[in-house]
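Below: the structure, in structure tokens.
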Amino acid sequence: MTSPAPTAEPLLSAGRSPTRPGRVTVPRRLGAALPTWDLIATKHLELRKRRGLMITVAVMIIAPTVLIMGLRLGFHLFDPAHYGPAGSPSVFNAIANLMAEFGFIVAAVVGAAAATTDLNDGVFRYLVITGRSRLALYLARIPAGLAILISALAISFTMLCLVTAYESVPQPTTVSMNNNISVPAHLDQAQLQTWAGQHPRQAGQAFFDILSGPGSGQVQPSASVASTDFTQYTSAEDTQFNPAPNEMFKIGLWLGLEIGIGFLVGLGLGSLTGQRTLSTILLIGLEIIVTPILARAEIPYFLNGQRLDVGVAMDQLRPAALAPATPGGGGGPGGLLFGGRGALGIPPMPTWSMISVIVGWIVVWSVVGAWRMMTRDA
Amino acid sequence: MNAIDTRAVSQYLAGPARWTAAAAVPKGGLHGGGILIVVIVLAALGFSVTRMRSRRHTAQRDDDWGRRPPPAAPPPPTEPPAQATLVGLPAAAGSPVGTGPANSPAPRPAESPGTAPNGDPSAAPARTPRRAISFERPADGWAVETHGLTKRFGANVAVNGVELLVPRGVAFGYLGPNGAGKTTLIRTLLGLTRANGGTMSLLGIPVPAQRSLAQARVGAIVDEPRFHPHLTGRDNLRLLAAARGGDARQRIGPSLERVGLAERADDKVASYSMGMRQRLGVASSLLGDPELLILDEPMNGLDPAGMHEMRTMIISLVDEGRTVVLSSHLLDEVERTCDAVAIVDRGRVVRQGPIDELTRGTDAGSLLVDCADPARAARLIDEAGIAAGTSLTDAGLTVTLPAGSSRELVADINRRLVGSGISVYGLQETRASLEEWFLSVTTRLGENP
């Protein structure tokens, strides 16, 4: 037990006169909409001490990386002849995609919990009684919740990147294309064009499009590399090479955005409904049922409706190392997750509309959640 | 005293039952169904853990007093239990109204509950002298002021044009049966729900226009005190202190000490009993060093010792110059603790004012006269026409005092009897209790026995 330090003047003053003006100091920022650091810290404490919630975060964000990488490291350590190094592009790809899916779900769970625990525990009314702006109470939940999620993501993703970078097979110098034709790595489109001109026979076998041109079946001496061929080349490169550090950083940011969106939507929906379970179920349904359906194939006369789904927009934004573009869609490496995610099966939307959809989801749900919190009976 | 059907009163006041009790993956190897199952299993695991903890917390709610530190002043053995207070024990002799200046309440002597002035521990607890209360408008506004305050839930009018004036520096009871609209009024005052009509102010500050300013000087417990069960009492106060800002954080320790929870402050609230939660609720309401405390049913769930401690604490808070508004359906508790009351019935304030003044207006006062010749004394008093009636009982002569009579009448009766040569051995005056008055001004007893 800690006892309070003695003070010169009692903090709960006896003999105080309520008629004395100015006796009570009203905190200057009491009505301000911006949360104080103290408010954020205590909200973080409140969430952090929910054991079940923290276990869920750990299990869904950190545990997959630890388990998979731990097992692979162990197998390779004890039996290197049969088990290759732990890190590989495909493992990185799979775990990062898993992290995105589970991350969104657990972020929605944390968001819904952050929105509803004060209500469910009956503390909300006591927070309102303090006179603190309800908007500030809402806004305090955002950094508090994100701090937990981003910390977990940072731990997990850093482990993944480290193992991939330092415990991986030596990086090849060539890219294996169709018919096991090796093409030099790290070429841009012009360099690939030059290589194709210098090696028309290999290029014809490596790139289907060249073979399918006029005079199919014959090697074209001046074979040109179409943009689809270059896309195929970069896709193969992405799957056969570990992501570069800058690419890893980009993937980390994208994962952070995915988790942030999950949290903010969960927070807004939880605040709107006041029910944690309902909000969680709805967002899990969105993530693993609705979005894969909308992202997989174009629905006649509903393309723009499909594009309004934040999951579709985030798929389009998915870094190339996680979702190699596959013309025609649906068949890329990421496409195997949840029946089609990771590669858009629908015509991509303009960049501005993709950004609008993502920002719109964040803003709309935040506004809805804050509005409900400000108008709700406590 | 008038005979009272105590069972009917109990049922009327108790109303409906209250809720007091408180819940390396290979690509392509992981399909949507598998993920869904994993998610459901994890979610179920999480919820199960939460529910198990919640059940454990609920089971631990009532263990309480065995582990809490002993109360500073052990309660006297004759403290009546809550049920006894509900049906109302007869009040002791009426108390004089204080004569302090307006808006300058005189400190009340320390209460000695459970013991009558004559020292008989079996007698009813004495009502201590109340503060002088002025219902003239204070210069800096009333502690609480409402005009035409209305709150509807659909067709149900929970607060119906309430006109309420609470003076500063007093303990003010807001009294009514369950479902009368007490909590709704408090929630409306505190901005927890919006009013449908009327105006209100707290400490002279209009709300909701300047709610933040007003609420910074107000502490409250609304309904049952609720906290995050997975946090300690201290952490819960930290949360509320952070919301309050200012010096509130520095008051956590003193507040916990004041309510006697310092030793259990670092235990999880889940392990607290109802009484400890009530005390933690009071501690939380003290974080802002409030001028006005609004306590909604603070005696709920408390055992007699806890009720005694709560009562003592409320009185001490008022003695410090704070205003305490105490909402309750426990008539006896309000009568013992408060200086003034407002009676609410079906969402309306039907009467308000100092308790002594309100109860004086009833005709239920009586005087038990122990004298040498009761029959002759009765004739004498009847002939003088100074009493509402007389009756002879085994205990002696009972004189029914007229409504609004002062204590001087008792002295007059004594003078007349002694002057007529009748030896007077004792006079015991019994004034109407708050409960009797309450029943006389409310209307539902006959409708809902």
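The way I read the labels, and the way they are meant: chains A, B, ... in the order of the structure tokens, residue 1 as the first residue of every chain, and ligand 1 as the first ligand shown, with later ones counted on from there.
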
Give me every alpha helix (DSSP H) residue in region 97-285 of chain A, going by DSSP on the backbone, as a short mmCIF file (atom, residue, chain, number, x, y, z; two decimals) with N, CA and C atoms, in the first residue's frame.
data_model
loop_
_atom_site.label_atom_id
_atom_site.label_comp_id
_atom_site.auth_asym_id
_atom_site.auth_seq_id
_atom_site.Cartn_x
_atom_site.Cartn_y
_atom_site.Cartn_z
N ASN A 97 0.58 -11.68 -45.16
CA ASN A 97 -0.83 -11.67 -45.53
C ASN A 97 -1.71 -12.14 -44.37
N LEU A 98 -1.21 -13.14 -43.68
CA LEU A 98 -1.94 -13.63 -42.49
C LEU A 98 -2.05 -12.53 -41.44
N MET A 99 -0.96 -11.81 -41.29
CA MET A 99 -0.93 -10.72 -40.32
C MET A 99 -1.95 -9.65 -40.71
N ALA A 100 -2.09 -9.43 -41.99
CA ALA A 100 -3.06 -8.43 -42.44
C ALA A 100 -4.48 -8.87 -42.12
N GLU A 101 -4.77 -10.13 -42.42
CA GLU A 101 -6.14 -10.63 -42.18
C GLU A 101 -6.45 -10.66 -40.69
N PHE A 102 -5.60 -11.33 -39.94
CA PHE A 102 -5.81 -11.42 -38.49
C PHE A 102 -5.71 -10.05 -37.84
N GLY A 103 -4.80 -9.25 -38.38
CA GLY A 103 -4.61 -7.91 -37.81
C GLY A 103 -5.86 -7.08 -37.91
N PHE A 104 -6.51 -7.13 -39.07
CA PHE A 104 -7.75 -6.37 -39.24
C PHE A 104 -8.80 -6.87 -38.25
N ILE A 105 -8.89 -8.18 -38.13
CA ILE A 105 -9.91 -8.75 -37.25
C ILE A 105 -9.65 -8.37 -35.79
N VAL A 106 -8.42 -8.54 -35.36
CA VAL A 106 -8.13 -8.25 -33.95
C VAL A 106 -8.20 -6.74 -33.70
N ALA A 107 -7.88 -5.96 -34.71
CA ALA A 107 -8.02 -4.50 -34.55
C ALA A 107 -9.49 -4.14 -34.38
N ALA A 108 -10.34 -4.82 -35.13
CA ALA A 108 -11.78 -4.56 -34.97
C ALA A 108 -12.24 -4.97 -33.57
N VAL A 109 -11.70 -6.08 -33.08
CA VAL A 109 -12.06 -6.53 -31.73
C VAL A 109 -11.62 -5.50 -30.69
N VAL A 110 -10.40 -5.03 -30.82
CA VAL A 110 -9.89 -4.04 -29.86
C VAL A 110 -10.68 -2.73 -29.98
N GLY A 111 -10.98 -2.34 -31.21
CA GLY A 111 -11.75 -1.11 -31.41
C GLY A 111 -13.13 -1.21 -30.78
N ALA A 112 -13.77 -2.34 -31.01
CA ALA A 112 -15.11 -2.52 -30.43
C ALA A 112 -15.03 -2.56 -28.90
N ALA A 113 -13.97 -3.18 -28.40
CA ALA A 113 -13.81 -3.23 -26.94
C ALA A 113 -13.56 -1.84 -26.37
N ALA A 114 -12.70 -1.09 -27.05
CA ALA A 114 -12.41 0.27 -26.57
C ALA A 114 -13.66 1.13 -26.57
N ALA A 115 -14.53 0.86 -27.54
CA ALA A 115 -15.75 1.68 -27.64
C ALA A 115 -16.79 1.31 -26.60
N THR A 116 -16.79 0.06 -26.19
CA THR A 116 -17.93 -0.40 -25.39
C THR A 116 -17.61 -0.71 -23.93
N THR A 117 -16.35 -0.82 -23.56
CA THR A 117 -16.08 -1.26 -22.18
C THR A 117 -16.55 -0.23 -21.16
N ASP A 118 -16.38 1.04 -21.46
CA ASP A 118 -16.85 2.05 -20.51
C ASP A 118 -18.37 1.94 -20.34
N LEU A 119 -19.03 1.69 -21.47
CA LEU A 119 -20.49 1.57 -21.41
C LEU A 119 -20.89 0.32 -20.64
N ASN A 120 -20.28 -0.80 -21.03
CA ASN A 120 -20.68 -2.07 -20.42
C ASN A 120 -20.31 -2.14 -18.94
N PHE A 124 -18.97 4.86 -18.07
CA PHE A 124 -19.14 5.98 -19.00
C PHE A 124 -19.82 7.16 -18.32
N ARG A 125 -20.85 6.87 -17.54
CA ARG A 125 -21.58 7.97 -16.91
C ARG A 125 -20.70 8.73 -15.92
N TYR A 126 -19.80 8.00 -15.28
CA TYR A 126 -18.92 8.69 -14.32
C TYR A 126 -17.86 9.53 -15.05
N LEU A 127 -17.50 9.10 -16.25
CA LEU A 127 -16.59 9.91 -17.05
C LEU A 127 -17.30 11.17 -17.52
N VAL A 128 -18.56 11.02 -17.88
CA VAL A 128 -19.33 12.20 -18.33
C VAL A 128 -19.52 13.18 -17.18
N ILE A 129 -19.76 12.64 -16.01
CA ILE A 129 -20.00 13.51 -14.85
C ILE A 129 -18.80 14.40 -14.55
N ARG A 134 -17.14 14.89 -24.19
CA ARG A 134 -17.32 13.51 -24.66
C ARG A 134 -16.47 13.23 -25.89
N LEU A 135 -16.27 14.25 -26.68
CA LEU A 135 -15.42 14.08 -27.87
C LEU A 135 -13.99 13.74 -27.44
N ALA A 136 -13.53 14.41 -26.40
CA ALA A 136 -12.18 14.12 -25.91
C ALA A 136 -12.10 12.69 -25.38
N LEU A 137 -13.17 12.25 -24.74
CA LEU A 137 -13.20 10.87 -24.24
C LEU A 137 -13.12 9.89 -25.41
N TYR A 138 -13.78 10.23 -26.50
CA TYR A 138 -13.75 9.35 -27.68
C TYR A 138 -12.37 9.36 -28.32
N LEU A 139 -11.85 10.56 -28.50
CA LEU A 139 -10.57 10.68 -29.19
C LEU A 139 -9.43 10.04 -28.40
N ALA A 140 -9.55 10.02 -27.08
CA ALA A 140 -8.51 9.42 -26.26
C ALA A 140 -8.37 7.92 -26.54
N ARG A 141 -9.46 7.31 -26.99
CA ARG A 141 -9.41 5.87 -27.24
C ARG A 141 -8.56 5.54 -28.47
N ILE A 142 -8.46 6.48 -29.39
CA ILE A 142 -7.77 6.17 -30.65
C ILE A 142 -6.27 5.93 -30.42
N PRO A 143 -5.55 6.87 -29.87
CA PRO A 143 -4.13 6.57 -29.64
C PRO A 143 -3.92 5.46 -28.63
N ALA A 144 -4.82 5.36 -27.65
CA ALA A 144 -4.67 4.31 -26.63
C ALA A 144 -4.76 2.93 -27.27
N GLY A 145 -5.75 2.73 -28.11
CA GLY A 145 -5.94 1.43 -28.75
C GLY A 145 -4.88 1.15 -29.80
N LEU A 146 -4.59 2.18 -30.59
CA LEU A 146 -3.59 1.98 -31.66
C LEU A 146 -2.22 1.69 -31.08
N ALA A 147 -1.92 2.26 -29.93
CA ALA A 147 -0.61 2.00 -29.31
C ALA A 147 -0.44 0.51 -29.03
N ILE A 148 -1.51 -0.12 -28.59
CA ILE A 148 -1.43 -1.56 -28.30
C ILE A 148 -1.26 -2.35 -29.59
N LEU A 149 -2.08 -2.02 -30.58
CA LEU A 149 -2.06 -2.80 -31.82
C LEU A 149 -0.76 -2.58 -32.60
N ILE A 150 -0.36 -1.34 -32.70
CA ILE A 150 0.84 -1.06 -33.49
C ILE A 150 2.08 -1.66 -32.81
N SER A 151 2.07 -1.67 -31.47
CA SER A 151 3.19 -2.31 -30.76
C SER A 151 3.26 -3.79 -31.10
N ALA A 152 2.12 -4.45 -31.05
CA ALA A 152 2.09 -5.88 -31.35
C ALA A 152 2.51 -6.12 -32.79
N LEU A 153 2.00 -5.29 -33.68
CA LEU A 153 2.37 -5.43 -35.10
C LEU A 153 3.86 -5.21 -35.30
N ALA A 154 4.39 -4.20 -34.62
CA ALA A 154 5.81 -3.89 -34.78
C ALA A 154 6.67 -5.05 -34.31
N ILE A 155 6.31 -5.65 -33.20
CA ILE A 155 7.07 -6.81 -32.68
C ILE A 155 7.05 -7.94 -33.70
N SER A 156 5.84 -8.26 -34.13
CA SER A 156 5.67 -9.41 -35.02
C SER A 156 6.35 -9.16 -36.37
N PHE A 157 6.11 -7.98 -36.93
CA PHE A 157 6.63 -7.71 -38.27
C PHE A 157 8.16 -7.57 -38.25
N THR A 158 8.67 -7.01 -37.17
CA THR A 158 10.13 -6.89 -37.07
C THR A 158 10.78 -8.28 -37.02
N MET A 159 10.18 -9.18 -36.25
CA MET A 159 10.70 -10.56 -36.20
C MET A 159 10.68 -11.18 -37.60
N LEU A 160 9.57 -10.98 -38.28
CA LEU A 160 9.42 -11.55 -39.62
C LEU A 160 10.49 -11.00 -40.56
N CYS A 161 10.69 -9.71 -40.50
CA CYS A 161 11.66 -9.08 -41.40
C CYS A 161 13.08 -9.54 -41.07
N LEU A 162 13.39 -9.63 -39.78
CA LEU A 162 14.74 -10.03 -39.38
C LEU A 162 15.04 -11.46 -39.83
N VAL A 163 14.09 -12.35 -39.59
CA VAL A 163 14.32 -13.74 -39.98
C VAL A 163 14.42 -13.84 -41.50
N THR A 164 13.55 -13.11 -42.17
CA THR A 164 13.59 -13.16 -43.64
C THR A 164 14.91 -12.60 -44.18
N ALA A 165 15.40 -11.56 -43.55
CA ALA A 165 16.61 -10.92 -44.05
C ALA A 165 17.87 -11.70 -43.70
N TYR A 166 17.90 -12.27 -42.50
CA TYR A 166 19.16 -12.87 -42.03
C TYR A 166 19.15 -14.40 -41.98
N GLN A 189 12.04 -2.24 -67.36
CA GLN A 189 11.39 -2.68 -68.59
C GLN A 189 12.30 -2.51 -69.81
N ALA A 190 13.08 -1.41 -69.84
CA ALA A 190 13.97 -1.18 -70.98
C ALA A 190 15.08 -2.21 -71.01
N GLN A 191 15.62 -2.51 -69.82
CA GLN A 191 16.69 -3.50 -69.75
C GLN A 191 16.17 -4.88 -70.15
N LEU A 192 14.94 -5.15 -69.74
CA LEU A 192 14.35 -6.44 -70.11
C LEU A 192 14.15 -6.50 -71.62
N GLN A 193 13.77 -5.38 -72.20
CA GLN A 193 13.59 -5.29 -73.65
C GLN A 193 14.92 -5.59 -74.35
N THR A 194 15.96 -4.99 -73.81
CA THR A 194 17.29 -5.21 -74.40
C THR A 194 17.69 -6.67 -74.30
N TRP A 195 17.43 -7.22 -73.10
CA TRP A 195 17.79 -8.64 -72.91
C TRP A 195 17.00 -9.54 -73.88
N ALA A 196 15.73 -9.18 -74.05
CA ALA A 196 14.89 -9.99 -74.95
C ALA A 196 15.41 -9.91 -76.38
N GLY A 197 15.87 -8.71 -76.75
CA GLY A 197 16.42 -8.58 -78.09
C GLY A 197 17.69 -9.38 -78.27
N GLN A 198 18.47 -9.46 -77.22
CA GLN A 198 19.73 -10.22 -77.29
C GLN A 198 19.51 -11.72 -77.17
N PRO A 200 16.50 -13.75 -78.06
CA PRO A 200 15.11 -13.91 -78.55
C PRO A 200 14.54 -15.31 -78.28
N ARG A 201 15.37 -16.34 -78.39
CA ARG A 201 14.84 -17.69 -78.19
C ARG A 201 14.39 -17.88 -76.73
N GLN A 202 15.27 -17.49 -75.78
CA GLN A 202 14.91 -17.64 -74.36
C GLN A 202 13.71 -16.75 -74.01
N ALA A 203 13.73 -15.55 -74.59
CA ALA A 203 12.62 -14.64 -74.30
C ALA A 203 11.30 -15.21 -74.79
N GLY A 204 11.34 -15.80 -75.95
CA GLY A 204 10.11 -16.40 -76.48
C GLY A 204 9.59 -17.49 -75.59
N GLN A 205 10.51 -18.26 -75.00
CA GLN A 205 10.06 -19.35 -74.12
C GLN A 205 9.67 -18.82 -72.73
N ALA A 206 10.37 -17.76 -72.36
CA ALA A 206 10.10 -17.24 -71.01
C ALA A 206 8.79 -16.46 -70.95
N PHE A 208 5.14 -15.83 -72.55
CA PHE A 208 4.12 -16.43 -73.39
C PHE A 208 3.63 -15.46 -74.46
N ASP A 209 3.56 -14.18 -74.10
CA ASP A 209 3.00 -13.20 -75.03
C ASP A 209 3.81 -13.09 -76.32
N ILE A 210 5.10 -13.27 -76.17
CA ILE A 210 5.95 -13.16 -77.36
C ILE A 210 5.66 -14.32 -78.30
N LEU A 211 5.44 -15.46 -77.68
CA LEU A 211 5.15 -16.64 -78.50
C LEU A 211 3.77 -16.57 -79.13
N SER A 227 3.96 -4.76 -71.74
CA SER A 227 3.86 -4.37 -70.32
C SER A 227 3.38 -5.56 -69.49
N THR A 228 2.54 -6.38 -70.06
CA THR A 228 2.09 -7.56 -69.32
C THR A 228 3.24 -8.52 -69.06
N ASP A 229 4.14 -8.60 -70.01
CA ASP A 229 5.32 -9.45 -69.81
C ASP A 229 6.19 -8.91 -68.67
N PHE A 230 6.33 -7.61 -68.66
CA PHE A 230 7.15 -7.01 -67.60
C PHE A 230 6.48 -7.22 -66.24
N THR A 231 5.16 -7.10 -66.23
CA THR A 231 4.43 -7.34 -64.98
C THR A 231 4.65 -8.78 -64.52
N GLN A 232 4.61 -9.69 -65.49
CA GLN A 232 4.84 -11.11 -65.17
C GLN A 232 6.26 -11.30 -64.60
N TYR A 233 7.19 -10.58 -65.18
CA TYR A 233 8.59 -10.66 -64.73
C TYR A 233 8.72 -10.14 -63.29
N THR A 234 8.13 -8.97 -63.04
CA THR A 234 8.25 -8.40 -61.68
C THR A 234 7.51 -9.25 -60.67
N SER A 235 6.39 -9.84 -61.10
CA SER A 235 5.66 -10.72 -60.19
C SER A 235 6.51 -11.91 -59.80
N ALA A 236 7.15 -12.48 -60.80
CA ALA A 236 8.03 -13.62 -60.52
C ALA A 236 9.17 -13.20 -59.61
N GLU A 237 9.67 -12.02 -59.86
CA GLU A 237 10.76 -11.50 -59.03
C GLU A 237 10.30 -11.35 -57.58
N ASP A 238 9.08 -10.82 -57.43
CA ASP A 238 8.56 -10.63 -56.07
C ASP A 238 8.41 -11.94 -55.32
N THR A 239 8.03 -12.98 -56.03
CA THR A 239 7.82 -14.25 -55.35
C THR A 239 9.11 -15.02 -55.12
N GLN A 240 10.15 -14.68 -55.84
CA GLN A 240 11.40 -15.44 -55.74
C GLN A 240 12.49 -14.72 -54.94
N PRO A 245 14.65 -3.83 -48.21
CA PRO A 245 14.28 -3.11 -46.97
C PRO A 245 13.22 -2.05 -47.19
N ASN A 246 13.33 -1.29 -48.28
CA ASN A 246 12.31 -0.25 -48.49
C ASN A 246 10.95 -0.87 -48.77
N GLU A 247 10.97 -2.03 -49.40
CA GLU A 247 9.70 -2.72 -49.67
C GLU A 247 9.11 -3.25 -48.36
N MET A 248 9.99 -3.74 -47.49
CA MET A 248 9.51 -4.21 -46.18
C MET A 248 8.89 -3.05 -45.42
N PHE A 249 9.53 -1.91 -45.49
CA PHE A 249 9.00 -0.74 -44.79
C PHE A 249 7.62 -0.37 -45.33
N LYS A 250 7.50 -0.44 -46.64
CA LYS A 250 6.22 -0.14 -47.28
C LYS A 250 5.14 -1.14 -46.83
N ILE A 251 5.55 -2.40 -46.76
CA ILE A 251 4.61 -3.43 -46.32
C ILE A 251 4.19 -3.17 -44.87
N GLY A 252 5.17 -2.78 -44.06
CA GLY A 252 4.85 -2.48 -42.65
C GLY A 252 3.85 -1.34 -42.54
N LEU A 253 4.04 -0.32 -43.35
CA LEU A 253 3.10 0.80 -43.33
C LEU A 253 1.71 0.35 -43.78
N TRP A 254 1.69 -0.48 -44.78
CA TRP A 254 0.40 -0.97 -45.27
C TRP A 254 -0.31 -1.82 -44.20
N LEU A 255 0.46 -2.65 -43.53
CA LEU A 255 -0.13 -3.44 -42.45
C LEU A 255 -0.65 -2.53 -41.33
N GLY A 256 0.13 -1.51 -41.04
CA GLY A 256 -0.32 -0.54 -40.02
C GLY A 256 -1.61 0.14 -40.42
N LEU A 257 -1.70 0.47 -41.71
CA LEU A 257 -2.93 1.11 -42.19
C LEU A 257 -4.11 0.14 -42.10
N GLU A 258 -3.86 -1.10 -42.47
CA GLU A 258 -4.92 -2.12 -42.41
C GLU A 258 -5.42 -2.26 -40.98
N ILE A 259 -4.50 -2.32 -40.04
CA ILE A 259 -4.88 -2.46 -38.64
C ILE A 259 -5.55 -1.18 -38.13
N GLY A 260 -5.02 -0.06 -38.54
CA GLY A 260 -5.63 1.20 -38.12
C GLY A 260 -7.06 1.33 -38.59
N ILE A 261 -7.30 0.92 -39.84
CA ILE A 261 -8.67 0.99 -40.36
C ILE A 261 -9.57 0.04 -39.58
N GLY A 262 -9.08 -1.16 -39.34
CA GLY A 262 -9.87 -2.12 -38.56
C GLY A 262 -10.23 -1.56 -37.20
N PHE A 263 -9.26 -0.93 -36.56
CA PHE A 263 -9.51 -0.37 -35.22
C PHE A 263 -10.51 0.77 -35.27
N LEU A 264 -10.31 1.69 -36.20
CA LEU A 264 -11.19 2.87 -36.24
C LEU A 264 -12.61 2.50 -36.64
N VAL A 265 -12.73 1.55 -37.55
CA VAL A 265 -14.08 1.11 -37.93
C VAL A 265 -14.72 0.37 -36.76
N GLY A 266 -13.93 -0.47 -36.10
CA GLY A 266 -14.45 -1.17 -34.91
C GLY A 266 -14.85 -0.20 -33.82
N LEU A 267 -14.05 0.82 -33.63
CA LEU A 267 -14.36 1.83 -32.61
C LEU A 267 -15.65 2.57 -32.95
N GLY A 268 -15.76 2.97 -34.20
CA GLY A 268 -16.96 3.70 -34.61
C GLY A 268 -18.19 2.83 -34.54
N LEU A 269 -18.08 1.61 -35.06
CA LEU A 269 -19.24 0.72 -35.05
C LEU A 269 -19.61 0.33 -33.62
N GLY A 270 -18.59 0.07 -32.80
CA GLY A 270 -18.86 -0.27 -31.41
C GLY A 270 -19.53 0.87 -30.67
N SER A 271 -19.07 2.06 -30.95
CA SER A 271 -19.67 3.23 -30.31
C SER A 271 -21.11 3.42 -30.78
N LEU A 272 -21.33 3.14 -32.06
CA LEU A 272 -22.68 3.30 -32.61
C LEU A 272 -23.66 2.29 -32.01
N THR A 273 -23.24 1.04 -31.97
CA THR A 273 -24.14 0.00 -31.50
C THR A 273 -24.11 -0.15 -29.98
N ARG A 276 -20.27 -4.83 -28.13
CA ARG A 276 -18.97 -5.32 -28.58
C ARG A 276 -19.10 -6.56 -29.47
N THR A 277 -19.92 -7.50 -29.05
CA THR A 277 -20.02 -8.76 -29.78
C THR A 277 -20.58 -8.53 -31.18
N LEU A 278 -21.65 -7.76 -31.26
CA LEU A 278 -22.27 -7.50 -32.56
C LEU A 278 -21.29 -6.81 -33.50
N SER A 279 -20.59 -5.81 -32.99
CA SER A 279 -19.65 -5.08 -33.82
C SER A 279 -18.54 -6.00 -34.32
N THR A 280 -18.05 -6.83 -33.43
CA THR A 280 -16.97 -7.74 -33.80
C THR A 280 -17.42 -8.72 -34.88
N ILE A 281 -18.60 -9.28 -34.70
CA ILE A 281 -19.10 -10.25 -35.68
C ILE A 281 -19.30 -9.59 -37.04
N LEU A 282 -19.85 -8.39 -37.04
CA LEU A 282 -20.08 -7.69 -38.31
C LEU A 282 -18.77 -7.43 -39.05
N LEU A 283 -17.75 -7.04 -38.32
CA LEU A 283 -16.49 -6.72 -38.98
C LEU A 283 -15.73 -7.97 -39.40
N ILE A 284 -15.87 -9.04 -38.66
CA ILE A 284 -15.26 -10.31 -39.10
C ILE A 284 -15.95 -10.75 -40.40
N GLY A 285 -17.27 -10.60 -40.40
CA GLY A 285 -18.02 -10.95 -41.61
C GLY A 285 -17.58 -10.10 -42.80
#

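Residue-level DSSP output for region 166-230 of chain B, from the backbone, shows strand (DSSP E or B) at B:Val166, B:Ala171, B:Phe172, B:Gly173, B:Tyr174, B:Leu175, B:Gly197, B:Gly198, B:Thr199, B:Met200, B:Ser201, B:Leu202, B:Ile205, B:Pro206, B:Val207, B:Val218, B:Gly219, B:Ala220, B:Ile221.
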
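Residues with any atom within 9 Å of Glu224 (chain B), counting only C-alpha atoms and excluding same-chain neighbours fewer than 3 positions away, are Gly122 of chain A; Thr20, Ala22, Ile221, Met274, Arg277, Gln278, Gly281, Asp296, Glu297, Pro298 and Asn300 of chain B.
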
Store the residues picked out above, limited to C-alpha atoms, as a short mmCIF file (atom, residue, chain, number, x, y, z; two decimals), in the first residue's frame.
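In the end it all went to selection10.cif:
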data_model
loop_
_atom_site.label_atom_id
_atom_site.label_comp_id
_atom_site.auth_asym_id
_atom_site.auth_seq_id
_atom_site.Cartn_x
_atom_site.Cartn_y
_atom_site.Cartn_z
CA GLY A 122 -21.02 1.41 -16.31
CA THR B 20 -28.41 -4.59 -6.61
CA ALA B 22 -24.53 -6.33 -9.17
CA ILE B 221 -22.87 8.71 -7.62
CA MET B 274 -21.13 -3.69 -2.79
CA ARG B 277 -17.91 -0.10 -4.24
CA GLN B 278 -20.20 2.43 -2.65
CA GLY B 281 -17.97 5.71 -5.52
CA ASP B 296 -28.17 8.49 -5.59
CA GLU B 297 -29.24 5.79 -3.16
CA PRO B 298 -25.86 5.68 -1.42
CA ASN B 300 -28.02 0.57 -1.24
#

*Near region 396-411 of chain B, counting only C-alpha atoms, which residues have an atom at most 8 Å away, once you skip same-chain residues fewer than 4 positions from it, shown as an MDAnalysis selection string?*
chainID B and resid 360:371 374:375 377:378 386:392 415 429

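Of the residues under consideration (B:Phe227, B:Trp142, B:Phe172, B:Phe153), B:Phe227 shows the shortest atom-to-atom contact distance to chain A when counting only C-alpha atoms.
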